[in-house]
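This is target-v8.txt. It holds compact mmCIF, N, CA and C atoms.
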```txt
# COMPACT_ATOMS: atom_id res chain seq x y z
N MET A 1 19.81 -2.69 -23.89
CA MET A 1 19.87 -2.73 -22.45
C MET A 1 19.80 -1.31 -21.91
N VAL A 2 19.00 -1.10 -20.87
CA VAL A 2 18.86 0.22 -20.26
C VAL A 2 19.70 0.26 -18.99
N LEU A 3 20.53 1.28 -18.90
CA LEU A 3 21.34 1.46 -17.70
C LEU A 3 20.74 2.58 -16.87
N ILE A 4 20.65 2.35 -15.58
CA ILE A 4 20.11 3.35 -14.67
C ILE A 4 21.23 3.78 -13.74
N SER A 5 21.42 5.08 -13.64
CA SER A 5 22.47 5.58 -12.76
C SER A 5 22.13 5.28 -11.31
N GLU A 6 23.15 5.27 -10.46
CA GLU A 6 22.93 5.01 -9.04
C GLU A 6 21.99 6.04 -8.44
N GLU A 7 22.12 7.30 -8.86
CA GLU A 7 21.25 8.37 -8.36
C GLU A 7 19.81 8.12 -8.76
N ALA A 8 19.59 7.76 -10.03
CA ALA A 8 18.23 7.49 -10.50
C ALA A 8 17.66 6.26 -9.82
N ASN A 9 18.51 5.25 -9.61
CA ASN A 9 18.06 4.02 -8.97
C ASN A 9 17.59 4.28 -7.54
N SER A 10 18.28 5.15 -6.80
CA SER A 10 17.87 5.44 -5.42
C SER A 10 16.54 6.19 -5.39
N SER A 11 16.24 6.94 -6.44
CA SER A 11 14.97 7.66 -6.48
C SER A 11 13.81 6.74 -6.85
N LEU A 12 14.12 5.49 -7.24
CA LEU A 12 13.08 4.53 -7.60
C LEU A 12 12.67 3.64 -6.43
N GLU A 13 13.18 3.92 -5.24
CA GLU A 13 12.83 3.13 -4.07
C GLU A 13 11.45 3.52 -3.56
N ILE A 14 10.64 2.52 -3.28
CA ILE A 14 9.28 2.76 -2.78
C ILE A 14 9.37 3.50 -1.45
N PRO A 15 8.58 4.56 -1.30
CA PRO A 15 8.60 5.32 -0.04
C PRO A 15 8.16 4.44 1.14
N VAL A 16 8.82 4.65 2.27
CA VAL A 16 8.50 3.91 3.49
C VAL A 16 8.03 4.90 4.54
N ILE A 17 6.85 4.65 5.10
CA ILE A 17 6.29 5.51 6.14
C ILE A 17 6.19 4.70 7.42
N ASP A 18 6.72 5.25 8.49
CA ASP A 18 6.71 4.60 9.80
C ASP A 18 5.52 5.15 10.59
N MET A 19 4.53 4.31 10.83
CA MET A 19 3.31 4.74 11.51
C MET A 19 3.59 5.23 12.93
N GLN A 20 4.51 4.57 13.63
CA GLN A 20 4.83 5.00 14.99
C GLN A 20 5.44 6.40 14.99
N ARG A 21 6.30 6.68 14.02
CA ARG A 21 6.89 8.02 13.91
C ARG A 21 5.82 9.04 13.49
N LEU A 22 4.90 8.62 12.62
CA LEU A 22 3.84 9.51 12.16
C LEU A 22 2.96 9.95 13.32
N LEU A 23 2.72 9.06 14.26
CA LEU A 23 1.86 9.36 15.41
C LEU A 23 2.61 10.04 16.55
N SER A 24 3.92 10.09 16.45
CA SER A 24 4.75 10.67 17.50
C SER A 24 4.75 12.20 17.44
N VAL A 25 4.68 12.82 18.61
CA VAL A 25 4.73 14.29 18.70
C VAL A 25 6.07 14.80 18.19
N GLU A 26 7.16 14.11 18.55
CA GLU A 26 8.50 14.56 18.19
C GLU A 26 8.81 14.41 16.70
N SER A 27 8.40 13.30 16.10
CA SER A 27 8.80 13.04 14.71
C SER A 27 7.65 13.04 13.72
N GLY A 28 6.45 13.34 14.19
CA GLY A 28 5.27 13.28 13.33
C GLY A 28 5.34 14.18 12.12
N SER A 29 5.80 15.41 12.30
CA SER A 29 5.81 16.34 11.16
C SER A 29 6.82 15.93 10.10
N SER A 30 7.97 15.39 10.51
CA SER A 30 8.95 14.96 9.50
C SER A 30 8.44 13.75 8.73
N GLU A 31 7.72 12.86 9.41
CA GLU A 31 7.16 11.69 8.72
C GLU A 31 6.01 12.13 7.81
N LEU A 32 5.25 13.12 8.25
CA LEU A 32 4.17 13.66 7.42
C LEU A 32 4.74 14.31 6.16
N ASP A 33 5.91 14.93 6.29
CA ASP A 33 6.58 15.52 5.13
C ASP A 33 6.97 14.45 4.11
N LYS A 34 7.18 13.22 4.55
CA LYS A 34 7.48 12.11 3.64
C LYS A 34 6.20 11.52 3.05
N LEU A 35 5.11 11.57 3.82
CA LEU A 35 3.85 10.96 3.40
C LEU A 35 3.24 11.69 2.21
N HIS A 36 3.24 13.01 2.24
CA HIS A 36 2.60 13.78 1.17
C HIS A 36 3.21 13.48 -0.20
N PRO A 37 4.53 13.59 -0.37
CA PRO A 37 5.09 13.27 -1.69
C PRO A 37 4.92 11.79 -2.07
N ALA A 38 4.91 10.91 -1.06
CA ALA A 38 4.69 9.49 -1.37
C ALA A 38 3.33 9.30 -2.03
N CYS A 39 2.32 9.97 -1.50
CA CYS A 39 0.97 9.87 -2.06
C CYS A 39 0.87 10.61 -3.39
N ARG A 40 1.43 11.80 -3.45
CA ARG A 40 1.31 12.64 -4.64
C ARG A 40 2.11 12.06 -5.82
N GLU A 41 3.34 11.64 -5.57
CA GLU A 41 4.23 11.23 -6.66
C GLU A 41 4.17 9.73 -6.96
N TRP A 42 3.95 8.92 -5.95
CA TRP A 42 3.94 7.48 -6.13
C TRP A 42 2.53 6.90 -6.15
N GLY A 43 1.66 7.45 -5.33
CA GLY A 43 0.31 6.91 -5.22
C GLY A 43 0.20 5.77 -4.22
N PHE A 44 1.30 5.41 -3.59
CA PHE A 44 1.31 4.35 -2.59
C PHE A 44 2.61 4.44 -1.80
N PHE A 45 2.69 3.65 -0.73
CA PHE A 45 3.89 3.60 0.09
C PHE A 45 3.87 2.32 0.91
N GLN A 46 5.03 1.95 1.46
CA GLN A 46 5.11 0.82 2.37
C GLN A 46 4.95 1.35 3.78
N LEU A 47 4.02 0.78 4.52
CA LEU A 47 3.78 1.20 5.90
C LEU A 47 4.48 0.22 6.84
N ILE A 48 5.34 0.76 7.72
CA ILE A 48 6.00 -0.09 8.71
C ILE A 48 5.56 0.34 10.11
N ASN A 49 5.73 -0.54 11.06
CA ASN A 49 5.34 -0.30 12.45
C ASN A 49 3.90 0.21 12.59
N PRO A 50 2.94 -0.55 12.04
CA PRO A 50 1.55 -0.07 12.08
C PRO A 50 0.90 -0.17 13.45
N GLY A 51 1.55 -0.84 14.40
CA GLY A 51 0.95 -0.99 15.72
C GLY A 51 -0.12 -2.05 15.74
N VAL A 52 -0.05 -3.00 14.81
CA VAL A 52 -1.01 -4.09 14.72
C VAL A 52 -0.25 -5.39 14.93
N SER A 53 -0.85 -6.32 15.65
CA SER A 53 -0.17 -7.58 15.93
C SER A 53 0.09 -8.36 14.64
N SER A 54 1.17 -9.12 14.64
CA SER A 54 1.51 -9.91 13.45
C SER A 54 0.46 -10.98 13.19
N SER A 55 -0.20 -11.48 14.24
CA SER A 55 -1.25 -12.48 14.03
C SER A 55 -2.45 -11.87 13.29
N LEU A 56 -2.78 -10.62 13.59
CA LEU A 56 -3.86 -9.96 12.87
C LEU A 56 -3.48 -9.72 11.41
N VAL A 57 -2.24 -9.32 11.18
CA VAL A 57 -1.77 -9.11 9.81
C VAL A 57 -1.88 -10.41 9.02
N GLU A 58 -1.47 -11.52 9.61
CA GLU A 58 -1.55 -12.82 8.93
C GLU A 58 -3.00 -13.21 8.67
N LYS A 59 -3.88 -12.93 9.61
CA LYS A 59 -5.30 -13.24 9.43
C LYS A 59 -5.88 -12.43 8.27
N VAL A 60 -5.54 -11.16 8.19
CA VAL A 60 -6.02 -10.31 7.10
C VAL A 60 -5.50 -10.82 5.76
N LYS A 61 -4.23 -11.23 5.71
CA LYS A 61 -3.66 -11.78 4.48
C LYS A 61 -4.43 -13.00 4.01
N LEU A 62 -4.77 -13.88 4.96
CA LEU A 62 -5.54 -15.08 4.61
C LEU A 62 -6.93 -14.72 4.10
N GLU A 63 -7.58 -13.75 4.73
CA GLU A 63 -8.90 -13.31 4.28
C GLU A 63 -8.84 -12.73 2.88
N ILE A 64 -7.80 -11.94 2.62
CA ILE A 64 -7.63 -11.36 1.28
C ILE A 64 -7.42 -12.46 0.25
N GLN A 65 -6.58 -13.43 0.60
CA GLN A 65 -6.33 -14.55 -0.31
C GLN A 65 -7.62 -15.31 -0.58
N ASP A 66 -8.40 -15.56 0.46
CA ASP A 66 -9.68 -16.25 0.28
C ASP A 66 -10.60 -15.46 -0.65
N PHE A 67 -10.63 -14.15 -0.48
CA PHE A 67 -11.48 -13.31 -1.33
C PHE A 67 -11.07 -13.44 -2.79
N PHE A 68 -9.78 -13.33 -3.07
CA PHE A 68 -9.33 -13.38 -4.46
C PHE A 68 -9.37 -14.78 -5.05
N ASN A 69 -9.58 -15.79 -4.22
CA ASN A 69 -9.77 -17.15 -4.72
C ASN A 69 -11.24 -17.43 -5.05
N LEU A 70 -12.13 -16.52 -4.70
CA LEU A 70 -13.55 -16.70 -5.03
C LEU A 70 -13.74 -16.60 -6.54
N PRO A 71 -14.80 -17.23 -7.06
CA PRO A 71 -15.12 -17.05 -8.48
C PRO A 71 -15.43 -15.57 -8.75
N MET A 72 -15.13 -15.13 -9.95
CA MET A 72 -15.34 -13.73 -10.32
C MET A 72 -16.79 -13.31 -10.09
N SER A 73 -17.74 -14.21 -10.32
CA SER A 73 -19.15 -13.86 -10.14
C SER A 73 -19.45 -13.49 -8.69
N GLU A 74 -18.79 -14.15 -7.75
CA GLU A 74 -19.01 -13.83 -6.33
C GLU A 74 -18.33 -12.53 -5.94
N THR A 75 -17.14 -12.28 -6.45
CA THR A 75 -16.47 -11.02 -6.12
C THR A 75 -17.22 -9.85 -6.72
N TYR A 76 -17.86 -10.06 -7.86
CA TYR A 76 -18.65 -9.00 -8.48
C TYR A 76 -19.85 -8.64 -7.61
N ILE A 77 -20.48 -9.62 -6.99
CA ILE A 77 -21.62 -9.37 -6.11
C ILE A 77 -21.18 -8.53 -4.90
N ILE A 78 -20.00 -8.83 -4.37
CA ILE A 78 -19.48 -8.11 -3.22
C ILE A 78 -19.05 -6.70 -3.59
N SER A 79 -18.59 -6.52 -4.82
CA SER A 79 -18.08 -5.22 -5.28
C SER A 79 -19.16 -4.16 -5.25
N ASN A 80 -18.72 -2.91 -5.05
CA ASN A 80 -19.67 -1.80 -5.08
C ASN A 80 -19.92 -1.32 -6.50
N GLY A 81 -19.28 -1.94 -7.49
CA GLY A 81 -19.53 -1.61 -8.88
C GLY A 81 -18.69 -0.48 -9.43
N ILE A 82 -17.92 0.19 -8.60
CA ILE A 82 -17.12 1.31 -9.08
C ILE A 82 -15.93 0.83 -9.90
N TYR A 83 -15.23 -0.19 -9.40
CA TYR A 83 -14.02 -0.67 -10.06
C TYR A 83 -14.33 -1.98 -10.78
N ARG A 84 -14.44 -1.88 -12.07
CA ARG A 84 -14.74 -3.06 -12.86
C ARG A 84 -13.65 -3.25 -13.90
N SER A 85 -13.31 -4.48 -14.14
CA SER A 85 -12.32 -4.75 -15.18
C SER A 85 -12.98 -4.57 -16.54
N VAL A 86 -12.17 -4.54 -17.57
CA VAL A 86 -12.68 -4.37 -18.93
C VAL A 86 -13.64 -5.49 -19.28
N ASP A 87 -13.39 -6.69 -18.76
CA ASP A 87 -14.25 -7.84 -19.07
C ASP A 87 -15.68 -7.67 -18.56
N HIS A 88 -15.89 -6.82 -17.56
CA HIS A 88 -17.22 -6.68 -16.98
C HIS A 88 -18.00 -5.49 -17.50
N GLN A 89 -17.46 -4.77 -18.43
CA GLN A 89 -18.17 -3.58 -18.93
C GLN A 89 -19.07 -3.92 -20.08
```

Please rewrite the model in this file as structure tokens.
Amino acid sequence: MVLISEEANSSLEIPVIDMQRLLSVESGSSELDKLHPACREWGFFQLINPGVSSSLVEKVKLEIQDFFNLPMSETYIISNGIYRSVDHQ
């Protein structure tokens, strides 16, 4: 069994970036200071307050789900060919 200290556990939290703060004159630079290490060290982050309606977010989720439900042959046609799984090489 692996035990993780409380300090190490808190450093494993996915970075959260607030889009409204990022676009704000007052808080933009502090949010930008969080964005750079999130990209450099994690490669991703959770974006909150994107300024997009929840109905649009739900529509995009459905479109993504529809895409990934397509047969692999159809997704391959749509793909630009850069990202291929091992099975397609």

For region 70-75 of chain A, I'd like the enclosing box, axis-aligned and padded by 8 Å on every side, reported as AutoDock Vina command-line options with centre and edge lengths in Å to one decimal.
```
--center_x -15.8 --center_y -13.5 --center_z -7.5 --size_x 23.3 --size_y 23.4 --size_z 21.6
```

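Taking CA of Ile64 (chain A) as the reference point, CA of Met19 (chain A) is found at 22.0 Å.
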
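With CA of Gln46 (chain A) on one side and CA of Asp33 (chain A) on the other, the separation reads 15.0 Å.
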
As a tab-separated table (two decimals) with N, CA and C atoms, in the frame of the given file, please: every residue in region 13-49 of chain A that DSSP puts in strand (DSSP E or B).
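Result file is out32.tsv:
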```tsv
chain	number	residue	atom	x	y	z
A	16	VAL	N	8.82	4.65	2.27
A	16	VAL	CA	8.50	3.91	3.49
A	16	VAL	C	8.03	4.90	4.54
A	17	ILE	N	6.85	4.65	5.10
A	17	ILE	CA	6.29	5.51	6.14
A	17	ILE	C	6.19	4.70	7.42
A	18	ASP	N	6.72	5.25	8.49
A	18	ASP	CA	6.71	4.60	9.80
A	18	ASP	C	5.52	5.15	10.59
A	46	GLN	N	5.03	1.95	1.46
A	46	GLN	CA	5.11	0.82	2.37
A	46	GLN	C	4.95	1.35	3.78
A	47	LEU	N	4.02	0.78	4.52
A	47	LEU	CA	3.78	1.20	5.90
A	47	LEU	C	4.48	0.22	6.84
A	48	ILE	N	5.34	0.76	7.72
A	48	ILE	CA	6.00	-0.09	8.71
A	48	ILE	C	5.56	0.34	10.11
```

Problem set entry | Within 8 Å of Pro15 (chain A) using only N, CA and C atoms, minus same-chain residues under 4 positions, as an MDAnalysis selection string | chainID A and resid 11 34 37:39 42 44:47

For this session: May I ask for the distance between CA of Leu62 (chain A) and atom N of Ile78 (chain A), given in Å to one decimal place?
Result: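 Calculated distance between CA of Leu62 (chain A) and atom N of Ile78 (chain A) is 18.1 Å.
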
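With distances restricted to only N, CA and C atoms, A:Val16 is the closest residue to Ile48 (chain A) from A:Leu32, A:Ile77, A:Val16, A:Val25.
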
Problem set entry | Counting all atoms listed in the file, the residue of A:Phe68, A:Glu58, A:Arg40, A:Pro50 that sits nearest Ile17 (chain A) | A:Pro50

For this session: Taking the DSSP assignment computed from this structure's backbone, write out as a ChimeraX atom specification all residues of region 39-81 of chain A that belong to alpha helix (DSSP H).
Result: /A:54-68,72-78

Exercise. When distances are computed from only C-alpha atoms, which of A:Glu41, A:Glu63, A:Glu74, A:Glu31 shows the smallest separation from Asp18 (chain A)?
Worked result: A:Glu31
